[in-house]
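Below is one structure, written out as C-alpha cells; the observations come after it.
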2 protein chains.
Amino acid sequence: MNKINPVNQAKAFNKAHQPSQPLSEVELNSLHAYWRACNYLAAGMIYLQDNPLLQQPLAVEHIKKRLLGHWGSSPGLSFMYIHMNRLINKFDLNAIFLAGPGHGAPGVLAPVYLEGSYSEIYPDVSQDLLGMKQLFKQFSFPGGIGSHCTPELPGSIHEGGELGYSVSHAFGAAFDNPDLIVTVAVGDGEAETGPLATSWHSSKFLNPIRDGAVLPILHLNGYKINNPTLLSRIPHEELEALFIGYGWKPYFVEGSDPVLMHQKMAQVMESCVNDIRAHQQQARASGKASRVIWPMIILRSPKGWTGPETVNGNKVEGFWRAHQVPLSAVHADSKQFSMLEQWLKSYQPETLFDSNGQLLPELKSLAPKGLRRMSANPHANGGLLKRNLRMPDFKHYAAHIKQPAKMTAMNTKPLGEMLRDIMQLNNTTFRVFGPDENSSNKLDAIYEVSKKLWLADYLPEDANGGELSPDGRVLEMLSEHTLEGWFEGYVLTGRHGFFATYEAFVHVIDSMFNQHAKWLAISEALSWRAPIASINLLITSTVWRQDHNGFTHQDPGFLDLVVNKNPAVTRIYLPPDVNCLLSTADHCLRSENDINVIVCDKQAHMQYLDMDSAIKHCTKGLGIWDWASNDKGQEPDVVMVGCGDIPTKEALAATALLREYFPTLKIRFINVVDLFRLTPESEHPHGLSDNDFDSLFTLDKPVIFNFHGYPWLIHRLAYRRNNHKNLHVRGYIEKGNINTPLELAIVNKIDRFSLAIDVINRVPKLKVAGAHAKQLFRDNQIACCQYAHEHGVDMPEVNDWVWPYD
Amino acid sequence: MNKINPVNQAKAFNKAHQPSQPLSEVELNSLHAYWRACNYLAAGMIYLQDNPLLQQPLAVEHIKKRLLGHWGSSPGLSFMYIHMNRLINKFDLNAIFLAGPGHGAPGVLAPVYLEGSYSEIYPDVSQDLLGMKQLFKQFSFPGGIGSHCTPELPGSIHEGGELGYSVSHAFGAAFDNPDLIVTVAVGDGEAETGPLATSWHSSKFLNPIRDGAVLPILHLNGYKINNPTLLSRIPHEELEALFIGYGWKPYFVEGSDPVLMHQKMAQVMESCVNDIRAHQQQARASGKASRVIWPMIILRSPKGWTGPETVNGNKVEGFWRAHQVPLSAVHADSKQFSMLEQWLKSYQPETLFDSNGQLLPELKSLAPKGLRRMSANPHANGGLLKRNLRMPDFKHYAAHIKQPAKMTAMNTKPLGEMLRDIMQLNNTTFRVFGPDENSSNKLDAIYEVSKKLWLADYLPEDANGGELSPDGRVLEMLSEHTLEGWFEGYVLTGRHGFFATYEAFVHVIDSMFNQHAKWLAISEALSWRAPIASINLLITSTVWRQDHNGFTHQDPGFLDLVVNKNPAVTRIYLPPDVNCLLSTADHCLRSENDINVIVCDKQAHMQYLDMDSAIKHCTKGLGIWDWASNDKGQEPDVVMVGCGDIPTKEALAATALLREYFPTLKIRFINVVDLFRLTPESEHPHGLSDNDFDSLFTLDKPVIFNFHGYPWLIHRLAYRRNNHKNLHVRGYIEKGNINTPLELAIVNKIDRFSLAIDVINRVPKLKVAGAHAKQLFRDNQIACCQYAHEHGVDMPEVNDWVWPYD
C-alpha cells in the first residue's frame, strides 16, 4: 500500500508556496528576451515571406498571400521549451521535448532554430537574415514544411497531427533511459481524447530505477478551434483532484503577466526536476522500485498569448479566435495591416537580433550546447542510438516435423520461448507489449525471464500466478492505444519491441498505425534520420478461432488498411505454422523502418514444414508445396492456394478430397506467407514479377485462393495479374455468430467441402463427373453443422483430419 | 463557477455514513434468494446441457462438452440488476441497464429470464424445466447465443464485445429522455481503455431539465483475463479523487459478505436515486439548467463472487482465475466434478424454483412488471419509440444553378441550414455531433436555432462568439469516440442524429463503426427489434483540401473499411455538389438501420446540377452527364468518370481539355454518387445489374475513373464487371506533404493534365496524334507546381477554371 497521501501532499504544496523569485533580474530579462525572440519568429512564420527583421517598413508584398499556421498555442510551447532549456543548463539535464498540441510547430521551430540545430541540418535555413527569411517562407508553404512537429523537425519524435498520443509516446521514450527527462506539452484539446485520457495512467508503469522520467505540462490554453476546452472550465479543485486521482502530483502555473509567469514557471519546473531526481535517487539508492507519485505541471496561460488582444472589437488573445491566424485580413484591411506591424514590432526584434539576423550573443548563450540541445539530443533521432538486437538462433525453437500435416501444435508457444530469450539477451533494449493477453496468446514463456511490470499495490495472492514484478519488462494494460503509443515512443528512441494483440481489436489502433506509417514514410526520405527498429505487430486470436466469442470478435480487416499505406514501410505475413512463424518473426525483429504485421493464431494448428523448408518457403514468401501437389511439374488443372493457418489446412483437406475422388485431376498447391508477393513488383518492393507469378499461378487455369481475411483484398492486390479472371477467392464474408470453428468456416465457404465444390464448378472436365461428389460434400457440410449444434463441438473425424499421404 | 465543493462533499458522505439497514429481514432474504437464483442460472448456463434443476444426481452427460462463458463478472452484474429492480418497484422508475463488462452475459441473461421477457420473445426458452434446459444449453453453444449482451438479448442496447463504449452509449440513451435512468455497469478492465477513460466527462453534457440520468456502477471486480486492474490497485483516496476530478460524486460499496453487501448496496443505490431526483427536481423547478455533480457507485466485490474459492490449491474466487470457467476439468477430474455439484447446490435451487422449474411466486413478485422490466423497456428497443423526423423540403436550400460547372459554392453550408430547420422541427429527437468542427465544417447555421451545449463554467467573453448554451442541442467534444458512442446510444433508443467529422480522423472510430455495423446486421434478422434510425456520418475536410495541413490529415481510407461490412447496413455516397448533397442527406435522414457515409468537402467547390437534375441523378446513384459528354448516344471512344467533388471537377476539366485538343474524340462523362452501384447486384442491394453497367461503361472502351479515395477500392468493387480490364483508376496514392490543392492533385495524378494524358495513352487513335498535347500537359503540370512554390497559391487561371461550353 502506498503510504503517501497524495491529496494532502499536493494540496499543501500548492497552497503553501508563495511564488518565490528564483530568477534574478538579469536572468529574467534575458529569458524574457529569448521568449520574445521565439514569439517574433513564430509570428514571422505565419505572416512574412520577406523583410524578416522588419528592417524596412512593412509592405503588403512582404506578407504571404495565403496565411496559414496556428498562433494559438505557439507562445506557450516556446515558454515551456525555454524554461526547460534553463534547467538543462543549470542541472546538465539530458532532456527531450514532445509537443502534443497539433498545430503548434512555430512555437517549437522557433527555439530549435535559435539553438542552431536547424541550420546544421538545413544549411539554407541559416542563422542570418537570408536563413530567417527562408525559415519564415517555408513554413506552411507549398514545397515547405508543415504546421506540426513533423519528422523534418530536428528533435521531434511526435508529430501531433492526430491528437491523443503525446503522453504515451513520452513514456515510451522514457522507458529504459534512466537519465532522460521527457518533457511533454499536452494540449487541453488533445486532453479530451480517449487515448490521452487513459495515458495518464502510464505513470504506474514507470520504474524509478531503470526508467527515466516524464514531465507532462498540461497546457490550459483554454480553447480548441471554436470551443472552450473541458479541463479549462472546471473548478480548480476538480482539476486538482483529477490529476491526484490519475496518480500525479500537480503543480499549477497560472496567469498572463510574463514577468510573474516566468518566475512561477522557473520555480515550479525546478521543483519538478528536484522531485524527479529525489524520487530517482531514493529508489536507486535503496535498490527497491515502487510506484512514484510523479510531478506534473498545469500551465494556464492565454491562447495566443502576447498577440493582438482584440480585432474588430472581438476578443482574440485568450479566446478561441487566437487559434489560427489572429489577423486574417491584413492584405486588404489597412487597420489590420498596421496592427500586424505593431504586433511584430512589439517584440522589438532589433533588440534581439543583430542587423545580419543573428541572435545576440548574450541570448545565444542561454541555449544548451551540443547534444544537450533538445533539438540535437540523439534520443530524438533514435536510430543513432539503436543497436541491433542480440538474437538467439530461431531454429532452436523449431517444431520437429517429420512429415507435413500430420500433427498440430500451438503456433505462438515457441515464439514465446524465442521472445523470452531475446528478452534475456537484450535486457535494456527490448520490450513486449500486450493488452492483458500474453498468457491467453500463449506467449507466457516470456515470464520465465521477465514478469509483467507492476508498480501499483500488491496482494498476497499475487505470489501464486500473478506473474507481476516491479522489475518486469512485459507491459500489459487494457488499452491498445497506450501500448501502441509506448511501443512507438520506445522504437523512435532507438529500441526494439513486440506487440501481440487480438485481431478484431487491432482496429482500435487503426489510426495510430496510419499515422506511424506516415511518419516512417517521410522519415525514410530524410538522410539525417537514422533508421529505427520496426513495429512488430502479432495479430492473433484470429477470426477463424473466434467461433465461440462470436461476431464482435471476428474482423480480419486490419490488413485492408495496411495495404493503403506507403509500400516502403508496410509488410504483411501470414505464416501457416510454428516454423514459418519463427522464421518470419526473426526476419521482422531484424528489420528497420517497417511496420510488420504478422497474422497467426494462438491455438493448436496443423504443422506443415520442417525448419529448413520453412526458411526456404518464407524467404521466397510464397511457393508450391510439392508434397501436396500432384501436377509433377506439369501444367495443373487447378491451382489451390492457402494463405493463413486455417485457410491453408482447409485448402489442403480440399486437395486431399479432390485427389481421392478424382485421382487424375492435377492439382498444384501453393501457400502464401508474404502477402505483398501477390502485388506487381512495380507496386511494392516484395511484389513478384509477372513472369514468376504466371509460372506459379498459370495463365488460364482456375485458381482457388483460400484467404485468411476479407476475400476482396486478394483481388485488390492481384487485379493486374494475367490470370486474374480465373482467380476465385474465398475468405471471411462477415458471417458468423456462435459457431464451432468448422461451422464458421462453412458459413463463410472457406471449408474443405466448399473449396472442393468450387474446383468442381470451375474445372471443365469435372462439371459432369463431379455431380455426385458435389452432393456428397454438401451433405457433409450439413452433417458437420448438425453435429456441432447437437454436441457443441466439431465432428472429430473432420476436426482431427491429417494429410492422408506420405 | 460551480459553488459545490465536490471533494469535501463526497468525502464527508463516504466517511460519515455508517452502513444502515434499509432492508428488512424479509426483504433481505428474498432479495438474496433472487440473487441466488440468478447465480444458479449463470453457473448453469456455463455448465449444464441437461438436468437443469439438479433433480437427478449430476452426471457427466449433463455437462456440456465444451465449457465456454465467463463466470467472473456475472454475479456482480446480477447483483446490480436486481438492486435496480428493487428501486424500480419502490419508486416506479423508468430504467434500463447496460452491461459494459464484455463476457458477463450470464449475469444479465439470468435476471432477464427470471422476469419473463425472455420467454415472451423466445417461447422455446419457457419459464419451466424445458425452457431452463434450453436457456442453459443455448448459451455459448453453436447455433445458440453469445456470451455478451448481444442484440438477441431483450433489454440490451450495448453488446460489450469490444470494450470502452458503455458510458457513452448510456449518455446517448439518456439525452432527451427526462424520465429515464440509465444504469450502466462499467468493468474495471474496460475502464482502462481510452474511450471509456474520457467518456466520464459526458456528465458535463447532461442537462438536468430535459435529459434523463445516468447511474454508472464501476465494478471493481479486480482482474482482467490474467492481470489485476489498475483502478482496483490504487489507494482509496486516489480512486475517490479521480472520480471527483471527473466531476462525479462517488459512493463506495465494498466487501464480499452478501448480507452486508445487500444492505450497503440498497442504501447507496437509494441515495443515488434520491440524489438524481433531487437534482432534477431542483433544476426543473427553477427552470435553470446548470452542471450537476451526479452520483456514481464504485462496487468492489470479488471476481467470481460465490463461486469456488480455491481449485487445486489455487485461489479462484476473488482472483483472475475466476475470469472464465472456474472448474474446467469437471469431465475427467472427479474432485472438480464434485466441487461443481457442490457449488451448484450451494444456491439451493430447490428453494428457489418449484419442481416444474418455475420461480417461486414470492420471488417472482420482486421483479418489476410489464414495461417497467428493464428487459422490456421500450427504450431498449428504440425502434418501437422512433418517430420519423419531420423534414423540411430539402429543395428549399438548393443552390440556384443555371448552367453546370460555372460557379462555386460551399457544399456543406446549405446543409447546415437544412440541419438547422430539422433541429427546429424535431427539438427533442434530433442531435448534431461534431468534434469542435461544426463551424469549421460550415454547418454553423445550425447555431441560429440551437447552440452548442455547455454546462461547465462560463466566462464573459462567451457572450460574443461562444455560441454556447446550457440548452444547446449540438454536442461538441474533442473525442470522436465519445461522440460516436453518444450518437449510437441516441439512435438505439429511437432518436435521430447527424455526425460531421474530419476525414483523416474518422479512423479513430473505425472499430466503433465495425461494431455498430455488426450490431445492426444481427438486429435486422430479429423480427422483434424495430428498425432504428441510421447513423449519418458526414466525412468532410477531405484529403484533397488538406494540402496545407499536410500528410497526417490526408487519409480517405475509411471507405475501405466500410465495404467489408454487411451490405444490408452499409451505404457510401460521394455527392459532388450542394444539390446532390442535400438530396443525399434527405435520403439518409429518412433511412433506417443503415450506416450512411457521406463524403463531401466543406470548402468552395464547383457546382454542377440544378435541383431537379440532382434529385434524378442521386436517385439513379450514377449516370451520364449529357452536357459534359459528346458521344450523343453513340458508343464513345473513352468513358471519363468522376466520383467525389474535386475528382469530378478535375475529370471535367480533363474532358474539356481533350475536347479542345481532339474535337472528334467521343467522350462519355459519368458521375458516381452512390459508390455501391459499382458492385454487382448480387453483392449489395444498390449494385447495378451487369446489363446496366455494360451500357454505361461499355464492353471494351477505356474507362478513366477519377476517384476520391484510394484507387484500389474501385477495382475491388468492380473486378467482376465485363469491362474491368479497361478500367483505369486514379485516386489518392499516399503522396502528399505541404502542397496547394492543385499540386496535391498532380502528385497523386488525379489532376486534369494527368487524366488527359491517361486518355491519350489509352485511346488508340490518339497514341500518335496526342504526342504534342501530352507534352503540353506535362509542361502545364510543371508550371502549376512551380507557381505554387513561388506564390504559395494555385495558378489563378487553372484554379478559377469553369466548364467552357454552354
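In the C-alpha cells, chains take letters A, B, ... by order of appearance, with residues numbered from 1 within each chain and ligands from 1 in the order shown.
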
Exercise. What's the 9 Å shell around A:Gln282, counting only C-alpha atoms, without same-chain residues fewer than 5 positions away, as a ChimeraX atom specification?
Worked result: /A:208-209,277,287-288

What residues in chain B have any atom no more than 6 Å from chain A when counting only C-alpha atoms, and can you write them as an mmCIF file with C-alpha atoms, in the first residue's frame?
data_model
loop_
_atom_site.group_PDB
_atom_site.id
_atom_site.type_symbol
_atom_site.label_atom_id
_atom_site.label_comp_id
_atom_site.auth_asym_id
_atom_site.auth_seq_id
_atom_site.Cartn_x
_atom_site.Cartn_y
_atom_site.Cartn_z
ATOM 1 C CA PHE B 141 -23.298 -23.090 -27.859
ATOM 2 C CA PRO B 142 -23.106 -23.440 -31.649
ATOM 3 C CA GLY B 143 -26.298 -22.122 -33.147
ATOM 4 C CA GLY B 146 -23.242 -15.333 -27.375
ATOM 5 C CA GLY B 161 -17.994 -7.333 -27.229
ATOM 6 C CA GLU B 192 -8.542 1.180 -18.712
ATOM 7 C CA THR B 193 -9.445 1.864 -22.335
ATOM 8 C CA GLY B 194 -9.090 5.349 -23.740
ATOM 9 C CA PRO B 195 -12.673 5.738 -24.947
ATOM 10 C CA ALA B 197 -11.495 6.987 -19.668
ATOM 11 C CA THR B 198 -12.629 10.144 -21.411
ATOM 12 C CA ARG B 233 -4.988 -1.392 -7.041
ATOM 13 C CA GLU B 238 -6.678 8.324 -5.316
ATOM 14 C CA LEU B 239 -9.678 6.480 -6.627
ATOM 15 C CA ALA B 241 -10.078 11.859 -6.140
ATOM 16 C CA LEU B 242 -10.178 10.538 -9.691
ATOM 17 C CA GLY B 245 -11.935 15.091 -10.600
ATOM 18 C CA ALA B 456 -19.469 23.866 -17.350
ATOM 19 C CA ASP B 457 -18.227 27.304 -16.345
ATOM 20 C CA LEU B 478 -12.734 16.588 -28.943
ATOM 21 C CA SER B 479 -13.369 12.867 -28.725
ATOM 22 C CA HIS B 507 -10.310 6.318 -38.473
ATOM 23 C CA VAL B 508 -10.318 6.997 -34.734
ATOM 24 C CA SER B 511 -13.599 -0.042 -34.572
ATOM 25 C CA THR B 552 -1.227 13.431 -41.393
ATOM 26 C CA TRP B 712 -7.751 0.128 -55.489
ATOM 27 C CA ARG B 716 -12.298 -4.199 -55.551
ATOM 28 C CA ILE B 738 2.622 20.710 -47.798
ATOM 29 C CA ASN B 739 1.104 21.492 -51.184
ATOM 30 C CA THR B 740 -1.559 23.545 -52.841
ATOM 31 C CA HIS B 789 6.136 27.017 -54.804
ATOM 32 C CA GLY B 792 2.036 29.843 -52.197
#

Exercise. Which residues come within 12 Å of B:Glu341, counting only C-alpha atoms, excluding same-chain residues fewer than 2 positions away, as a PyMOL selection string?
Worked result: chain B and resi 40+43-44+47-48+51-60+62-63+307-308+327+330+334-339+343-349

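Residues within 9 Å of B:Ile181, counting only C-alpha atoms and excluding same-chain residues fewer than 3 positions away, are B:Leu93, B:Asn94, B:Ala95, B:Ile96, B:Phe97, B:Ala174, B:Asn177, B:Pro178, B:Gly212, B:Ala213, B:Val214, B:Leu215, B:Val273, B:Ile276.
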
Exercise. Which neighbours of B:His279 fall inside 9 Å, counting only C-alpha atoms, when residues of the same chain fewer than 6 positions from it are skipped, and could you give them as a PyMOL selection string?
Worked result: chain B and resi 208+292-294

Exercise. Counting only C-alpha atoms, what is within 6 Å of A:Lys303, bar same-chain residues fewer than 6 positions away, as a list in words?
Worked result: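 Here the qualifying residues turn out to be Gly72, Asn221, Glu317 and Gly318 of chain A.
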
So that I can see what lies close to A:Met80, please list as a PDB file with N, CA and C atoms, in the first residue's frame the residues with an atom at most 9 Å from it, counting only C-alpha atoms and leaving out residues fewer than 4 positions away in the same chain.
ATOM      1  N   PRO A  75       3.082  30.535 -28.438  1.00  0.00           N
ATOM      2  CA  PRO A  75       3.840  31.200 -27.367  1.00  0.00           C
ATOM      3  C   PRO A  75       3.988  30.320 -26.126  1.00  0.00           C
ATOM      4  N   GLY A  76       2.934  29.578 -25.793  1.00  0.00           N
ATOM      5  CA  GLY A  76       3.006  28.697 -24.630  1.00  0.00           C
ATOM      6  C   GLY A  76       4.044  27.601 -24.818  1.00  0.00           C
ATOM      7  N   MET A  84      12.605  24.822 -19.948  1.00  0.00           N
ATOM      8  CA  MET A  84      13.333  23.548 -19.833  1.00  0.00           C
ATOM      9  C   MET A  84      14.805  23.773 -20.175  1.00  0.00           C
ATOM     10  N   ASN A  85      15.056  24.596 -21.173  1.00  0.00           N
ATOM     11  CA  ASN A  85      16.450  24.916 -21.512  1.00  0.00           C
ATOM     12  C   ASN A  85      17.216  25.426 -20.295  1.00  0.00           C
ATOM     13  N   THR A 183      10.113  15.899 -21.538  1.00  0.00           N
ATOM     14  CA  THR A 183       9.140  16.961 -21.298  1.00  0.00           C
ATOM     15  C   THR A 183       8.055  16.812 -22.353  1.00  0.00           C
ATOM     16  N   ALA A 185       4.468  18.528 -23.688  1.00  0.00           N
ATOM     17  CA  ALA A 185       3.388  19.504 -23.639  1.00  0.00           C
ATOM     18  C   ALA A 185       2.108  18.820 -24.101  1.00  0.00           C
ATOM     19  N   ILE A 217       3.376  18.729 -19.126  1.00  0.00           N
ATOM     20  CA  ILE A 217       2.870  20.076 -18.870  1.00  0.00           C
ATOM     21  C   ILE A 217       1.531  20.192 -19.593  1.00  0.00           C
ATOM     22  N   MET A 265       7.006  29.846 -13.339  1.00  0.00           N
ATOM     23  CA  MET A 265       7.361  28.675 -14.140  1.00  0.00           C
ATOM     24  C   MET A 265       8.754  28.177 -13.761  1.00  0.00           C
TER      25      MET A 265
END

Exercise. Hey, what does DSSP flag as alpha helix (DSSP H) within stretch 510-658 of chain A? Can you give it to me as a ChimeraX atom specification?
Worked result: /A:510-524,558-562,578-590,611-620,645-658

Exercise. As a PyMOL selection string, which residues of stretch 188-404 of chain A does DSSP assign to strand (DSSP E)?
Worked result: chain A and resi 213-220+248-254+294-300+310-311+314-315

Kindly save the residues from that selection, with N, CA and C atoms included, as a PDB file, in the first residue's frame.
ATOM      1  N   ALA A 213      12.351   9.820 -16.651  1.00  0.00           N
ATOM      2  CA  ALA A 213      11.170  10.496 -16.121  1.00  0.00           C
ATOM      3  C   ALA A 213      10.406  11.178 -17.246  1.00  0.00           C
ATOM      4  N   VAL A 214       9.117  11.353 -17.007  1.00  0.00           N
ATOM      5  CA  VAL A 214       8.275  12.114 -17.924  1.00  0.00           C
ATOM      6  C   VAL A 214       7.732  13.308 -17.152  1.00  0.00           C
ATOM      7  N   LEU A 215       7.906  14.477 -17.711  1.00  0.00           N
ATOM      8  CA  LEU A 215       7.364  15.669 -17.071  1.00  0.00           C
ATOM      9  C   LEU A 215       6.292  16.264 -17.990  1.00  0.00           C
ATOM     10  N   PRO A 216       5.025  15.943 -17.726  1.00  0.00           N
ATOM     11  CA  PRO A 216       3.959  16.487 -18.567  1.00  0.00           C
ATOM     12  C   PRO A 216       3.592  17.906 -18.146  1.00  0.00           C
ATOM     13  N   ILE A 217       3.376  18.729 -19.126  1.00  0.00           N
ATOM     14  CA  ILE A 217       2.870  20.076 -18.870  1.00  0.00           C
ATOM     15  C   ILE A 217       1.531  20.192 -19.593  1.00  0.00           C
ATOM     16  N   LEU A 218       0.476  20.111 -18.822  1.00  0.00           N
ATOM     17  CA  LEU A 218      -0.857  20.252 -19.424  1.00  0.00           C
ATOM     18  C   LEU A 218      -1.075  21.737 -19.689  1.00  0.00           C
ATOM     19  N   HIS A 219      -1.239  22.060 -20.943  1.00  0.00           N
ATOM     20  CA  HIS A 219      -1.351  23.460 -21.328  1.00  0.00           C
ATOM     21  C   HIS A 219      -2.822  23.862 -21.381  1.00  0.00           C
ATOM     22  N   LEU A 220      -3.285  24.519 -20.315  1.00  0.00           N
ATOM     23  CA  LEU A 220      -4.675  25.000 -20.313  1.00  0.00           C
ATOM     24  C   LEU A 220      -4.714  26.311 -21.091  1.00  0.00           C
ATOM     25  N   TRP A 248      -0.804  11.575 -10.037  1.00  0.00           N
ATOM     26  CA  TRP A 248       0.259  12.561 -10.225  1.00  0.00           C
ATOM     27  C   TRP A 248       0.227  13.588  -9.083  1.00  0.00           C
ATOM     28  N   LYS A 249       1.280  14.353  -9.016  1.00  0.00           N
ATOM     29  CA  LYS A 249       1.337  15.481  -8.087  1.00  0.00           C
ATOM     30  C   LYS A 249       1.287  16.750  -8.941  1.00  0.00           C
ATOM     31  N   PRO A 250       0.124  17.393  -9.016  1.00  0.00           N
ATOM     32  CA  PRO A 250       0.000  18.519  -9.943  1.00  0.00           C
ATOM     33  C   PRO A 250       0.498  19.833  -9.349  1.00  0.00           C
ATOM     34  N   TYR A 251       1.314  20.548 -10.100  1.00  0.00           N
ATOM     35  CA  TYR A 251       1.746  21.907  -9.772  1.00  0.00           C
ATOM     36  C   TYR A 251       1.036  22.863 -10.723  1.00  0.00           C
ATOM     37  N   PHE A 252       0.679  24.013 -10.219  1.00  0.00           N
ATOM     38  CA  PHE A 252      -0.057  24.962 -11.056  1.00  0.00           C
ATOM     39  C   PHE A 252       0.789  26.197 -11.372  1.00  0.00           C
ATOM     40  N   VAL A 253       0.758  26.619 -12.615  1.00  0.00           N
ATOM     41  CA  VAL A 253       1.344  27.900 -13.024  1.00  0.00           C
ATOM     42  C   VAL A 253       0.248  28.590 -13.816  1.00  0.00           C
ATOM     43  N   GLU A 254      -0.294  29.674 -13.250  1.00  0.00           N
ATOM     44  CA  GLU A 254      -1.465  30.277 -13.869  1.00  0.00           C
ATOM     45  C   GLU A 254      -1.297  31.786 -13.941  1.00  0.00           C
ATOM     46  N   TRP A 294       4.610  11.024  -9.432  1.00  0.00           N
ATOM     47  CA  TRP A 294       5.482  11.940 -10.170  1.00  0.00           C
ATOM     48  C   TRP A 294       4.836  13.322 -10.269  1.00  0.00           C
ATOM     49  N   PRO A 295       5.672  14.348 -10.401  1.00  0.00           N
ATOM     50  CA  PRO A 295       5.128  15.703 -10.560  1.00  0.00           C
ATOM     51  C   PRO A 295       4.661  15.960 -11.993  1.00  0.00           C
ATOM     52  N   MET A 296       3.677  16.803 -12.144  1.00  0.00           N
ATOM     53  CA  MET A 296       3.283  17.308 -13.464  1.00  0.00           C
ATOM     54  C   MET A 296       2.837  18.754 -13.277  1.00  0.00           C
ATOM     55  N   ILE A 297       2.784  19.485 -14.382  1.00  0.00           N
ATOM     56  CA  ILE A 297       2.505  20.917 -14.314  1.00  0.00           C
ATOM     57  C   ILE A 297       1.223  21.230 -15.079  1.00  0.00           C
ATOM     58  N   ILE A 298       0.408  22.066 -14.486  1.00  0.00           N
ATOM     59  CA  ILE A 298      -0.757  22.586 -15.207  1.00  0.00           C
ATOM     60  C   ILE A 298      -0.497  24.069 -15.471  1.00  0.00           C
ATOM     61  N   LEU A 299      -0.268  24.382 -16.725  1.00  0.00           N
ATOM     62  CA  LEU A 299       0.081  25.741 -17.128  1.00  0.00           C
ATOM     63  C   LEU A 299      -1.151  26.392 -17.745  1.00  0.00           C
ATOM     64  N   ARG A 300      -1.710  27.336 -17.039  1.00  0.00           N
ATOM     65  CA  ARG A 300      -2.881  28.040 -17.577  1.00  0.00           C
ATOM     66  C   ARG A 300      -2.417  29.417 -18.072  1.00  0.00           C
ATOM     67  N   THR A 310      -7.627  42.404 -29.261  1.00  0.00           N
ATOM     68  CA  THR A 310      -8.954  42.419 -29.895  1.00  0.00           C
ATOM     69  C   THR A 310      -8.781  42.777 -31.360  1.00  0.00           C
ATOM     70  N   VAL A 311      -9.657  42.265 -32.179  1.00  0.00           N
ATOM     71  CA  VAL A 311      -9.671  42.594 -33.604  1.00  0.00           C
ATOM     72  C   VAL A 311     -11.117  42.884 -33.972  1.00  0.00           C
ATOM     73  N   ASN A 314     -13.626  42.279 -31.408  1.00  0.00           N
ATOM     74  CA  ASN A 314     -13.785  40.922 -30.888  1.00  0.00           C
ATOM     75  C   ASN A 314     -12.541  40.489 -30.128  1.00  0.00           C
ATOM     76  N   LYS A 315     -12.769  39.865 -28.999  1.00  0.00           N
ATOM     77  CA  LYS A 315     -11.650  39.389 -28.185  1.00  0.00           C
ATOM     78  C   LYS A 315     -10.873  38.323 -28.958  1.00  0.00           C
TER      79      LYS A 315
END
